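S.K.: Structure: model-v4.cif, mmCIF, C-alpha atoms.
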```
data_coords
#
loop_
_atom_site.label_atom_id
_atom_site.label_comp_id
_atom_site.auth_asym_id
_atom_site.auth_seq_id
_atom_site.Cartn_x
_atom_site.Cartn_y
_atom_site.Cartn_z
CA ASP A 21 -21.64 15.54 -12.59
CA ALA A 22 -19.83 13.91 -15.51
CA LYS A 23 -18.40 16.39 -18.01
CA THR A 24 -18.80 14.00 -20.93
CA THR A 25 -21.62 12.95 -23.26
CA GLN A 26 -21.71 9.52 -24.88
CA PRO A 27 -24.31 7.59 -26.88
CA THR A 28 -26.28 5.19 -24.74
CA SER A 29 -25.58 2.15 -26.88
CA MET A 30 -23.85 0.96 -30.04
CA ASP A 31 -23.56 -2.27 -32.02
CA CYS A 32 -20.51 -3.49 -33.89
CA ALA A 33 -19.95 -6.56 -36.05
CA GLU A 34 -17.26 -8.94 -34.84
CA GLY A 35 -13.95 -8.29 -36.58
CA ARG A 36 -14.84 -4.75 -37.55
CA ALA A 37 -13.52 -1.57 -35.94
CA ALA A 38 -15.59 -0.15 -33.12
CA ASN A 39 -15.56 3.65 -32.97
CA LEU A 40 -16.93 5.06 -29.73
CA PRO A 41 -17.47 8.84 -29.64
CA CYS A 42 -17.34 11.15 -26.65
CA ASN A 43 -18.12 14.84 -26.33
CA HIS A 44 -16.33 16.91 -23.68
CA SER A 45 -16.91 20.46 -24.89
CA THR A 46 -16.14 22.06 -21.51
CA ILE A 47 -12.78 20.31 -21.02
CA SER A 48 -10.08 22.46 -19.44
CA GLY A 49 -6.47 22.70 -20.51
CA ASN A 50 -5.30 20.74 -17.47
CA GLU A 51 -7.67 17.81 -17.96
CA TYR A 52 -6.94 14.44 -19.51
CA VAL A 53 -9.42 12.21 -21.33
CA TYR A 54 -9.59 8.69 -19.87
CA TRP A 55 -11.38 5.62 -21.16
CA TYR A 56 -12.43 2.67 -19.04
CA ARG A 57 -14.68 -0.26 -19.78
CA GLN A 58 -16.73 -2.52 -17.54
CA ILE A 59 -17.54 -6.06 -18.54
CA HIS A 60 -20.51 -7.60 -16.76
CA SER A 61 -19.82 -8.51 -13.11
CA GLN A 62 -16.28 -7.14 -13.21
CA GLY A 63 -14.66 -3.93 -12.02
CA PRO A 64 -13.86 -1.17 -14.52
CA GLN A 65 -10.77 -1.80 -16.63
CA TYR A 66 -8.44 1.01 -17.65
CA ILE A 67 -8.01 1.25 -21.44
CA ILE A 68 -6.15 4.41 -22.40
CA HIS A 69 -5.79 8.10 -21.67
CA GLY A 70 -4.50 11.20 -23.45
CA LEU A 71 -4.15 14.95 -23.22
CA LYS A 72 -4.09 16.29 -26.78
CA ASN A 73 -2.06 13.93 -28.94
CA ASN A 74 -3.50 10.73 -30.35
CA GLU A 75 -2.53 7.69 -28.32
CA THR A 76 -2.30 3.97 -29.11
CA ASN A 77 -1.66 0.93 -26.98
CA GLU A 78 -2.24 -2.80 -27.25
CA MET A 79 -5.93 -2.42 -26.51
CA ALA A 80 -7.09 0.62 -28.44
CA SER A 81 -6.40 3.97 -30.08
CA LEU A 82 -7.57 7.33 -28.81
CA ILE A 83 -8.18 10.13 -31.27
CA ILE A 84 -8.63 13.61 -29.75
CA THR A 85 -9.81 16.50 -31.93
CA GLU A 86 -7.57 19.51 -32.26
CA ASP A 87 -9.89 21.68 -30.16
CA ARG A 88 -10.05 18.84 -27.58
CA LYS A 89 -13.83 19.09 -27.39
CA SER A 90 -14.39 15.52 -28.48
CA SER A 91 -12.61 12.22 -28.82
CA THR A 92 -13.07 8.75 -30.28
CA LEU A 93 -11.97 5.43 -28.85
CA ILE A 94 -11.17 2.90 -31.56
CA LEU A 95 -11.08 -0.86 -31.02
CA PRO A 96 -9.49 -1.94 -34.32
CA HIS A 97 -10.85 -5.49 -34.53
CA ALA A 98 -13.73 -5.95 -32.11
CA THR A 99 -14.34 -9.39 -30.60
CA LEU A 100 -17.26 -10.75 -28.62
CA ARG A 101 -15.20 -10.24 -25.46
CA ASP A 102 -15.18 -6.50 -26.11
CA THR A 103 -18.90 -6.34 -25.29
CA ALA A 104 -19.01 -3.98 -22.30
CA VAL A 105 -19.98 -0.52 -21.07
CA TYR A 106 -17.36 2.02 -22.14
CA TYR A 107 -16.82 5.13 -20.03
CA CYS A 108 -15.21 8.35 -21.24
CA ILE A 109 -13.99 10.44 -18.30
CA VAL A 110 -12.36 13.85 -18.01
CA ARG A 111 -9.93 14.24 -15.12
CA VAL A 112 -7.50 16.93 -13.98
CA LEU A 113 -3.83 16.41 -14.73
CA SER A 114 -2.45 17.10 -11.29
CA GLY A 115 -2.91 14.93 -8.24
CA ASN A 116 -4.93 11.76 -8.11
CA THR A 117 -8.49 12.94 -8.03
CA PRO A 118 -11.36 10.43 -8.03
CA LEU A 119 -12.96 9.51 -11.34
CA VAL A 120 -16.42 10.85 -12.14
CA PHE A 121 -18.30 8.23 -14.14
CA GLY A 122 -21.25 8.99 -16.39
CA LYS A 123 -23.62 6.44 -17.92
CA GLY A 124 -21.18 5.29 -20.61
CA THR A 125 -21.87 3.56 -23.92
CA ARG A 126 -23.04 -0.04 -23.95
CA LEU A 127 -21.16 -1.66 -26.85
CA SER A 128 -22.56 -4.93 -28.16
CA VAL A 129 -20.28 -6.88 -30.48
CA ILE A 130 -22.36 -9.14 -32.69
CA ALA A 131 -21.16 -12.34 -34.35
CA GLY B 28 1.42 -9.15 -11.15
CA ALA B 29 -1.43 -9.27 -8.64
CA GLY B 30 -4.24 -6.80 -9.11
CA VAL B 31 -6.53 -5.16 -6.58
CA SER B 32 -8.13 -7.81 -4.38
CA GLN B 33 -11.44 -7.36 -2.60
CA SER B 34 -13.18 -9.58 -0.07
CA PRO B 35 -15.69 -10.96 0.34
CA SER B 36 -16.87 -11.12 -3.27
CA ASN B 37 -20.47 -11.40 -2.05
CA LYS B 38 -22.08 -10.46 1.25
CA VAL B 39 -25.68 -10.92 2.30
CA THR B 40 -26.78 -9.49 5.63
CA GLU B 41 -29.86 -8.38 7.47
CA LYS B 42 -30.94 -4.78 7.76
CA GLY B 43 -29.44 -3.13 10.83
CA LYS B 44 -26.27 -5.24 10.92
CA ASP B 45 -22.77 -3.80 10.49
CA VAL B 46 -20.57 -4.95 7.60
CA GLU B 47 -16.86 -4.67 6.82
CA LEU B 48 -15.49 -4.80 3.30
CA ARG B 49 -11.79 -5.29 2.63
CA CYS B 50 -9.50 -4.04 -0.13
CA ASP B 51 -5.90 -5.07 -0.82
CA PRO B 52 -4.42 -2.58 -3.30
CA ILE B 53 -1.68 -3.26 -5.81
CA SER B 54 1.69 -3.34 -4.06
CA GLY B 55 3.39 0.06 -4.15
CA HIS B 56 0.20 1.98 -4.91
CA THR B 57 -0.21 4.76 -2.37
CA ALA B 58 -3.54 6.12 -3.61
CA LEU B 59 -6.67 4.09 -2.76
CA TYR B 60 -10.29 4.81 -3.66
CA TRP B 61 -13.69 3.38 -2.75
CA TYR B 62 -16.66 3.64 -5.12
CA ARG B 63 -20.09 2.03 -5.16
CA GLN B 64 -22.34 1.03 -8.02
CA SER B 65 -26.04 0.58 -7.40
CA LEU B 66 -28.14 -1.56 -9.74
CA GLY B 67 -28.31 0.07 -13.17
CA GLN B 68 -26.42 3.13 -11.98
CA GLY B 69 -22.99 4.56 -12.67
CA LEU B 70 -20.11 4.47 -10.24
CA GLU B 71 -20.28 6.86 -7.29
CA PHE B 72 -17.13 8.02 -5.47
CA LEU B 73 -17.11 7.42 -1.71
CA ILE B 74 -13.66 8.08 -0.19
CA TYR B 75 -10.03 8.52 -1.23
CA PHE B 76 -6.77 7.89 0.64
CA GLN B 77 -3.44 9.34 -0.47
CA GLY B 78 -0.42 8.15 1.49
CA ASN B 79 -0.46 9.46 5.05
CA SER B 80 -2.66 12.46 4.27
CA ALA B 81 -6.13 12.85 5.76
CA PRO B 82 -8.62 11.02 3.54
CA ASP B 83 -11.09 12.80 1.26
CA LYS B 84 -14.44 11.69 2.70
CA SER B 85 -16.57 14.01 0.59
CA GLY B 86 -18.40 11.18 -1.16
CA LEU B 87 -19.58 9.26 1.89
CA PRO B 88 -23.41 9.29 1.83
CA SER B 89 -23.95 9.29 5.61
CA ASP B 90 -22.13 9.00 8.93
CA ARG B 91 -22.94 5.27 8.93
CA PHE B 92 -20.13 4.90 6.40
CA SER B 93 -16.46 5.00 7.42
CA ALA B 94 -13.17 3.70 6.11
CA GLU B 95 -9.65 3.28 7.32
CA ARG B 96 -6.37 2.35 5.80
CA THR B 97 -3.81 0.69 8.01
CA GLY B 98 -0.10 0.93 7.32
CA GLY B 99 -0.72 2.63 4.02
CA SER B 100 -1.87 -0.59 2.41
CA VAL B 101 -5.03 -2.58 3.22
CA SER B 102 -8.27 -0.63 3.57
CA THR B 103 -11.56 -1.51 5.26
CA LEU B 104 -14.90 0.12 4.46
CA THR B 105 -17.40 -0.20 7.30
CA ILE B 106 -21.13 0.35 7.03
CA GLN B 107 -23.00 0.52 10.34
CA ARG B 108 -26.69 -0.22 10.82
CA THR B 109 -27.11 -1.21 7.18
CA GLN B 110 -30.19 -0.14 5.24
CA GLN B 111 -31.69 -1.68 2.13
CA GLU B 112 -30.54 1.28 0.03
CA ASP B 113 -26.95 0.31 0.88
CA SER B 114 -27.32 -2.70 -1.43
CA ALA B 115 -24.77 -2.19 -4.21
CA VAL B 116 -21.43 -3.34 -5.56
CA TYR B 117 -18.61 -1.70 -3.63
CA LEU B 118 -15.49 -1.21 -5.74
CA CYS B 119 -11.96 -0.42 -4.66
CA ALA B 120 -9.26 1.05 -6.89
CA SER B 121 -5.61 1.95 -6.41
CA SER B 122 -3.03 3.96 -8.30
CA LEU B 123 0.53 5.16 -8.14
CA ALA B 124 0.83 8.60 -6.61
CA GLN B 125 3.73 10.19 -8.36
CA GLY B 126 3.35 12.15 -11.56
CA GLY B 127 -0.35 12.86 -11.22
CA GLY B 128 -2.96 11.55 -13.59
CA GLN B 129 -2.02 7.95 -12.92
CA PRO B 130 -4.74 5.49 -14.05
CA GLN B 131 -6.72 3.74 -11.37
CA HIS B 132 -6.89 -0.04 -11.33
CA PHE B 133 -10.05 -1.62 -9.97
CA GLY B 134 -10.88 -4.80 -8.14
CA ASP B 135 -13.98 -6.81 -9.04
CA GLY B 136 -15.91 -5.48 -6.07
CA THR B 137 -17.99 -6.79 -3.20
CA ARG B 138 -21.65 -7.34 -4.01
CA LEU B 139 -23.57 -6.33 -0.87
CA SER B 140 -27.19 -7.35 -0.44
CA ILE B 141 -29.23 -6.09 2.51
CA LEU B 142 -32.32 -8.15 3.27
#
```
Before anything else, please render the file you have as structure tokens.
M.R.:
Amino acid sequence: DAKTTQPTSMDCAEGRAANLPCNHSTISGNEYVYWYRQIHSQGPQYIIHGLKNNETNEMASLIITEDRKSSTLILPHATLRDTAVYYCIVRVLSGNTPLVFGKGTRLSVIA
Amino acid sequence: GAGVSQSPSNKVTEKGKDVELRCDPISGHTALYWYRQSLGQGLEFLIYFQGNSAPDKSGLPSDRFSAERTGGSVSTLTIQRTQQEDSAVYLCASSLAQGGGQPQHFGDGTRLSIL
């Protein structure tokens, strides 16, 4: 079973920041937080991952709370093409274990 | 560079037939994964290959499902005597092995429909 809890759906106005929350209260010290998204009819796309420090790349920023029990994915300027299902996944640090997907958050970016 | 490639993109077959789905991982990626996604459901892990090690088959739903990976690169997922509940999108992903925690990169899947 997925170790994360996410809202089922969210809306965001085009051009505004999209903030997607994720709860992972049972995360272990050797587990990373990963974010993927899945646009309709495509495979999941890797976005970002982190352990305890905040991370930023060209797609998004990841903010992890100090106790690591929750995190927020931030898309700074959402576009219509960011409409997708966003998955927050907890995964052990070592090895290359399979990903355990939950239901994710369906983000709708509205013009 | 080239991403994960899967073929065919769509497959329609009759119940009881065997099907083979192909995955070409990203060059240099030694870890390869198969998942499936049924209509309206999340992704379900099926099988995982890591280099020359024995695969992790813990996610395969029945003995009708099997997979192989030849030469550490291309993988084939085979479903024998297909059933209607096998209808789903079958997704393949690959990742680098070293360092642990490497992100997986997915193909766009094969949409399998069993009539």
S.K.: Counting only C-alpha atoms, collect the residues of chain B whose closest atom lies at most 7 Å from chain A, and write them out as a list in words.
M.R.: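 Written out as asked, the residues are Gly69, Leu70, Phe72, Leu118, Ala124, Gly127, Gly128, Gln129, Pro130, His132, Phe133, Gly134, Asp135 and Gly136 of chain B.
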S.K.: Could you take the residues named above and write them with C-alpha atoms, as a PDB file, in the frame of the given file?
M.R.:
```pdb
ATOM      1  CA  GLY B  69     -22.990   4.560 -12.670  1.00  0.00           C
ATOM      2  CA  LEU B  70     -20.110   4.470 -10.240  1.00  0.00           C
ATOM      3  CA  PHE B  72     -17.130   8.020  -5.470  1.00  0.00           C
ATOM      4  CA  LEU B 118     -15.490  -1.210  -5.740  1.00  0.00           C
ATOM      5  CA  ALA B 124       0.830   8.600  -6.610  1.00  0.00           C
ATOM      6  CA  GLY B 127      -0.350  12.860 -11.220  1.00  0.00           C
ATOM      7  CA  GLY B 128      -2.960  11.550 -13.590  1.00  0.00           C
ATOM      8  CA  GLN B 129      -2.020   7.950 -12.920  1.00  0.00           C
ATOM      9  CA  PRO B 130      -4.740   5.490 -14.050  1.00  0.00           C
ATOM     10  CA  HIS B 132      -6.890  -0.040 -11.330  1.00  0.00           C
ATOM     11  CA  PHE B 133     -10.050  -1.620  -9.970  1.00  0.00           C
ATOM     12  CA  GLY B 134     -10.880  -4.800  -8.140  1.00  0.00           C
ATOM     13  CA  ASP B 135     -13.980  -6.810  -9.040  1.00  0.00           C
ATOM     14  CA  GLY B 136     -15.910  -5.480  -6.070  1.00  0.00           C
TER      15      GLY B 136
END
```
S.K.: What's the 12 Å shell around B:Pro88, counting all atoms listed in the file, without same-chain residues fewer than 3 positions away, as a list in words?
M.R.: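 With the cut-off at 12 Å, the set is Tyr62, Arg63, Glu71, Phe72, Leu73, Ile74, Lys84, Ser85, Arg91, Phe92, Ser93, Ile106, Glu112 and Asp113 of chain B.
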S.K.: One number please: atom CA of A:Cys108 to atom CA of A:Met79, in Å, one decimal.
M.R.: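 Pair atom CA of A:Cys108 / atom CA of A:Met79 returns 15.2 Å.
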S.K.: Around the point (-30.1, -10.4, 3.2) in the file's coordinates, collect all residues with an atom within 12 Å, using all atoms listed in the file, and return them as a VMD selection string.
M.R.: chain B and resid 37 to 44 46 109 to 111 113 to 114 138 to 142
S.K.: Hey, can you spit out that residue selection with C-alpha atoms as a PDB file, in the coordinates of the input?
M.R.:
```
ATOM      1  CA  ASN B  37     -20.470 -11.400  -2.050  1.00  0.00           C
ATOM      2  CA  LYS B  38     -22.080 -10.460   1.250  1.00  0.00           C
ATOM      3  CA  VAL B  39     -25.680 -10.920   2.300  1.00  0.00           C
ATOM      4  CA  THR B  40     -26.780  -9.490   5.630  1.00  0.00           C
ATOM      5  CA  GLU B  41     -29.860  -8.380   7.470  1.00  0.00           C
ATOM      6  CA  LYS B  42     -30.940  -4.780   7.760  1.00  0.00           C
ATOM      7  CA  GLY B  43     -29.440  -3.130  10.830  1.00  0.00           C
ATOM      8  CA  LYS B  44     -26.270  -5.240  10.920  1.00  0.00           C
ATOM      9  CA  VAL B  46     -20.570  -4.950   7.600  1.00  0.00           C
ATOM     10  CA  THR B 109     -27.110  -1.210   7.180  1.00  0.00           C
ATOM     11  CA  GLN B 110     -30.190  -0.140   5.240  1.00  0.00           C
ATOM     12  CA  GLN B 111     -31.690  -1.680   2.130  1.00  0.00           C
ATOM     13  CA  ASP B 113     -26.950   0.310   0.880  1.00  0.00           C
ATOM     14  CA  SER B 114     -27.320  -2.700  -1.430  1.00  0.00           C
ATOM     15  CA  ARG B 138     -21.650  -7.340  -4.010  1.00  0.00           C
ATOM     16  CA  LEU B 139     -23.570  -6.330  -0.870  1.00  0.00           C
ATOM     17  CA  SER B 140     -27.190  -7.350  -0.440  1.00  0.00           C
ATOM     18  CA  ILE B 141     -29.230  -6.090   2.510  1.00  0.00           C
ATOM     19  CA  LEU B 142     -32.320  -8.150   3.270  1.00  0.00           C
TER      20      LEU B 142
END
```
S.K.: Report, in Å to a single decimal, how far apart atom CA of A:Ala80 and atom CA of A:Leu95 are.
M.R.: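 Separating atom CA of A:Leu95 from atom CA of A:Ala80 is a distance of 5.0 Å.
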S.K.: What is the atom CA of B:Ala94-atom CA of B:Pro35 distance in Å, reported with one decimal?
M.R.: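 Calculated distance between atom CA of B:Ala94 and atom CA of B:Pro35 is 16.0 Å.
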S.K.: Could you state which residues are captured by the PyMOL selection byres ((chain A and resi 31) around 8) in this file, as a ChimeraX atom specification?
M.R.: /A:29-30,32-33,127-130
S.K.: Residues near stretch 53-59 of chain B, anyone? I mean within 6 Å using only C-alpha atoms, not counting same-chain ones fewer than 6 positions away, as a PyMOL selection string.
M.R.: chain B and resi 30-31+75-78+120-124
S.K.: Selected residues, C-alpha atoms, written as a PDB file, in the frame of the given file, please.
M.R.:
```
ATOM      1  CA  GLY B  30      -4.240  -6.800  -9.110  1.00  0.00           C
ATOM      2  CA  VAL B  31      -6.530  -5.160  -6.580  1.00  0.00           C
ATOM      3  CA  TYR B  75     -10.030   8.520  -1.230  1.00  0.00           C
ATOM      4  CA  PHE B  76      -6.770   7.890   0.640  1.00  0.00           C
ATOM      5  CA  GLN B  77      -3.440   9.340  -0.470  1.00  0.00           C
ATOM      6  CA  GLY B  78      -0.420   8.150   1.490  1.00  0.00           C
ATOM      7  CA  ALA B 120      -9.260   1.050  -6.890  1.00  0.00           C
ATOM      8  CA  SER B 121      -5.610   1.950  -6.410  1.00  0.00           C
ATOM      9  CA  SER B 122      -3.030   3.960  -8.300  1.00  0.00           C
ATOM     10  CA  LEU B 123       0.530   5.160  -8.140  1.00  0.00           C
ATOM     11  CA  ALA B 124       0.830   8.600  -6.610  1.00  0.00           C
TER      12      ALA B 124
END
```
S.K.: Pick from A:Asn73, A:Arg101, A:Val110, A:Thr85: nearest to A:Ile47, with only C-alpha atoms counted?
M.R.: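 The shortest atom-to-atom distance to A:Ile47 comes from A:Val110.
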S.K.: As a check of understanding, name the residues that the PyMOL selection byres ((chain B and resi 99) around 8) selects in the supplied structure, as a PyMOL selection string.
M.R.: chain B and resi 57+78-79+96-98+100-101
S.K.: Enumerate, as a list in words, the residues matched when the PyMOL selection byres ((chain A and resi 86) around 12) is run on the file above.
M.R.: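 Selected by the PyMOL selection byres ((chain A and resi 86) around 12) here: Ser45, Leu71, Lys72, Asn73, Asn74, Ile83, Ile84, Thr85, Asp87, Arg88, Lys89, Ser90 and Ser91 of chain A.
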S.K.: Work out where the centre of an axis-aligned box around every listed atom of stretch 93-101 of chain B lies and how long its edges are once 6 Å is added on each side; give both in Å to one decimal as AutoDock Vina command-line options.
M.R.:
```
--center_x -8.3 --center_y 1.2 --center_z 5.2 --size_x 28.4 --size_y 19.6 --size_z 17.6
```
S.K.: Do you know which residues are at most 8 Å from A:Cys42 counting only C-alpha atoms, after dropping those on the same chain fewer than 2 positions away, and could you put them as a PyMOL selection string?
M.R.: chain A and resi 24-27+40+44+90-92+108
S.K.: Taking (-17.6, -5.2, -22.8) in the file's coordinates, which residues come within 6 Å, counting all atoms listed in the file, written as a PyMOL selection string?
M.R.: chain A and resi 58-59+102-105
S.K.: Check the smallest atom-to-atom distance from each of A:Tyr106, A:Leu93, A:Ala131, A:Ser81 to A:Arg36 using only C-alpha atoms, then report the winner.
M.R.: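 The closest residue to A:Arg36 is A:Ala131.
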S.K.: Mind writing stretch 39-50 of chain A to a file for me, with all heavy atoms, as a PDB file, in the first residue's frame?
M.R.:
```pdb
ATOM      1  N   ASN A  39       0.339  24.515  -5.675  1.00  0.00           N
ATOM      2  CA  ASN A  39       0.964  23.922  -4.493  1.00  0.00           C
ATOM      3  C   ASN A  39       0.252  22.624  -4.172  1.00  0.00           C
ATOM      4  O   ASN A  39      -0.899  22.622  -3.734  1.00  0.00           O
ATOM      5  CB  ASN A  39       0.859  24.875  -3.300  1.00  0.00           C
ATOM      6  CG  ASN A  39       1.631  26.163  -3.526  1.00  0.00           C
ATOM      7  OD1 ASN A  39       2.830  26.223  -3.344  1.00  0.00           O
ATOM      8  ND2 ASN A  39       0.921  27.193  -3.957  1.00  0.00           N
ATOM      9  N   LEU A  40       0.945  21.510  -4.372  1.00  0.00           N
ATOM     10  CA  LEU A  40       0.330  20.198  -4.180  1.00  0.00           C
ATOM     11  C   LEU A  40       0.885  19.564  -2.900  1.00  0.00           C
ATOM     12  O   LEU A  40       2.074  19.266  -2.815  1.00  0.00           O
ATOM     13  CB  LEU A  40       0.606  19.290  -5.380  1.00  0.00           C
ATOM     14  CG  LEU A  40      -0.072  19.712  -6.684  1.00  0.00           C
ATOM     15  CD1 LEU A  40       0.859  20.533  -7.550  1.00  0.00           C
ATOM     16  CD2 LEU A  40      -0.563  18.501  -7.433  1.00  0.00           C
ATOM     17  N   PRO A  41       0.004  19.333  -1.911  1.00  0.00           N
ATOM     18  CA  PRO A  41       0.476  18.769  -0.640  1.00  0.00           C
ATOM     19  C   PRO A  41       0.510  17.246  -0.637  1.00  0.00           C
ATOM     20  O   PRO A  41      -0.202  16.587  -1.401  1.00  0.00           O
ATOM     21  CB  PRO A  41      -0.581  19.278   0.348  1.00  0.00           C
ATOM     22  CG  PRO A  41      -1.840  19.312  -0.465  1.00  0.00           C
ATOM     23  CD  PRO A  41      -1.425  19.673  -1.874  1.00  0.00           C
ATOM     24  N   CYS A  42       1.322  16.718   0.257  1.00  0.00           N
ATOM     25  CA  CYS A  42       1.424  15.268   0.424  1.00  0.00           C
ATOM     26  C   CYS A  42       1.774  14.973   1.883  1.00  0.00           C
ATOM     27  O   CYS A  42       2.708  15.566   2.427  1.00  0.00           O
ATOM     28  CB  CYS A  42       2.486  14.698  -0.506  1.00  0.00           C
ATOM     29  SG  CYS A  42       2.694  12.907  -0.374  1.00  0.00           S
ATOM     30  N   ASN A  43       1.034  14.060   2.479  1.00  0.00           N
ATOM     31  CA  ASN A  43       1.351  13.610   3.828  1.00  0.00           C
ATOM     32  C   ASN A  43       2.016  12.246   3.779  1.00  0.00           C
ATOM     33  O   ASN A  43       1.538  11.338   3.092  1.00  0.00           O
ATOM     34  CB  ASN A  43       0.085  13.531   4.690  1.00  0.00           C
ATOM     35  CG  ASN A  43      -0.412  14.895   5.100  1.00  0.00           C
ATOM     36  OD1 ASN A  43       0.385  15.783   5.388  1.00  0.00           O
ATOM     37  ND2 ASN A  43      -1.713  15.081   5.112  1.00  0.00           N
ATOM     38  N   HIS A  44       3.107  12.114   4.511  1.00  0.00           N
ATOM     39  CA  HIS A  44       3.831  10.825   4.604  1.00  0.00           C
ATOM     40  C   HIS A  44       4.336  10.683   6.032  1.00  0.00           C
ATOM     41  O   HIS A  44       5.543  10.637   6.274  1.00  0.00           O
ATOM     42  CB  HIS A  44       4.964  10.723   3.576  1.00  0.00           C
ATOM     43  CG  HIS A  44       5.606  12.023   3.214  1.00  0.00           C
ATOM     44  ND1 HIS A  44       6.564  12.631   3.992  1.00  0.00           N
ATOM     45  CD2 HIS A  44       5.429  12.829   2.130  1.00  0.00           C
ATOM     46  CE1 HIS A  44       6.949  13.755   3.417  1.00  0.00           C
ATOM     47  NE2 HIS A  44       6.296  13.905   2.281  1.00  0.00           N
ATOM     48  N   SER A  45       3.392  10.609   6.966  1.00  0.00           N
ATOM     49  CA  SER A  45       3.715  10.663   8.391  1.00  0.00           C
ATOM     50  C   SER A  45       4.510   9.465   8.892  1.00  0.00           C
ATOM     51  O   SER A  45       5.127   9.537   9.951  1.00  0.00           O
ATOM     52  CB  SER A  45       2.434  10.813   9.207  1.00  0.00           C
ATOM     53  OG  SER A  45       1.574   9.714   8.952  1.00  0.00           O
ATOM     54  N   THR A  46       4.493   8.351   8.141  1.00  0.00           N
ATOM     55  CA  THR A  46       5.225   7.154   8.588  1.00  0.00           C
ATOM     56  C   THR A  46       6.543   6.974   7.838  1.00  0.00           C
ATOM     57  O   THR A  46       7.136   5.893   7.875  1.00  0.00           O
ATOM     58  CB  THR A  46       4.356   5.902   8.411  1.00  0.00           C
ATOM     59  OG1 THR A  46       4.042   5.748   7.021  1.00  0.00           O
ATOM     60  CG2 THR A  46       3.068   6.001   9.212  1.00  0.00           C
ATOM     61  N   ILE A  47       7.019   8.026   7.199  1.00  0.00           N
ATOM     62  CA  ILE A  47       8.260   7.930   6.417  1.00  0.00           C
ATOM     63  C   ILE A  47       9.428   7.547   7.321  1.00  0.00           C
ATOM     64  O   ILE A  47       9.523   7.988   8.468  1.00  0.00           O
ATOM     65  CB  ILE A  47       8.534   9.258   5.678  1.00  0.00           C
ATOM     66  CG1 ILE A  47       9.625   9.092   4.629  1.00  0.00           C
ATOM     67  CG2 ILE A  47       8.855  10.381   6.670  1.00  0.00           C
ATOM     68  CD1 ILE A  47       9.770  10.292   3.707  1.00  0.00           C
ATOM     69  N   SER A  48      10.308   6.703   6.788  1.00  0.00           N
ATOM     70  CA  SER A  48      11.493   6.284   7.535  1.00  0.00           C
ATOM     71  C   SER A  48      12.691   7.142   7.141  1.00  0.00           C
ATOM     72  O   SER A  48      12.683   7.808   6.111  1.00  0.00           O
ATOM     73  CB  SER A  48      11.810   4.812   7.227  1.00  0.00           C
ATOM     74  OG  SER A  48      10.736   3.974   7.571  1.00  0.00           O
ATOM     75  N   GLY A  49      13.728   7.066   7.984  1.00  0.00           N
ATOM     76  CA  GLY A  49      14.900   7.899   7.735  1.00  0.00           C
ATOM     77  C   GLY A  49      15.631   7.573   6.450  1.00  0.00           C
ATOM     78  O   GLY A  49      16.357   8.415   5.920  1.00  0.00           O
ATOM     79  N   ASN A  50      15.445   6.362   5.930  1.00  0.00           N
ATOM     80  CA  ASN A  50      16.135   5.958   4.706  1.00  0.00           C
ATOM     81  C   ASN A  50      15.236   6.037   3.481  1.00  0.00           C
ATOM     82  O   ASN A  50      15.499   5.376   2.475  1.00  0.00           O
ATOM     83  CB  ASN A  50      16.676   4.535   4.854  1.00  0.00           C
ATOM     84  CG  ASN A  50      15.567   3.508   4.994  1.00  0.00           C
ATOM     85  OD1 ASN A  50      14.427   3.849   5.307  1.00  0.00           O
ATOM     86  ND2 ASN A  50      15.876   2.246   4.758  1.00  0.00           N
TER      87      ASN A  50
END
```
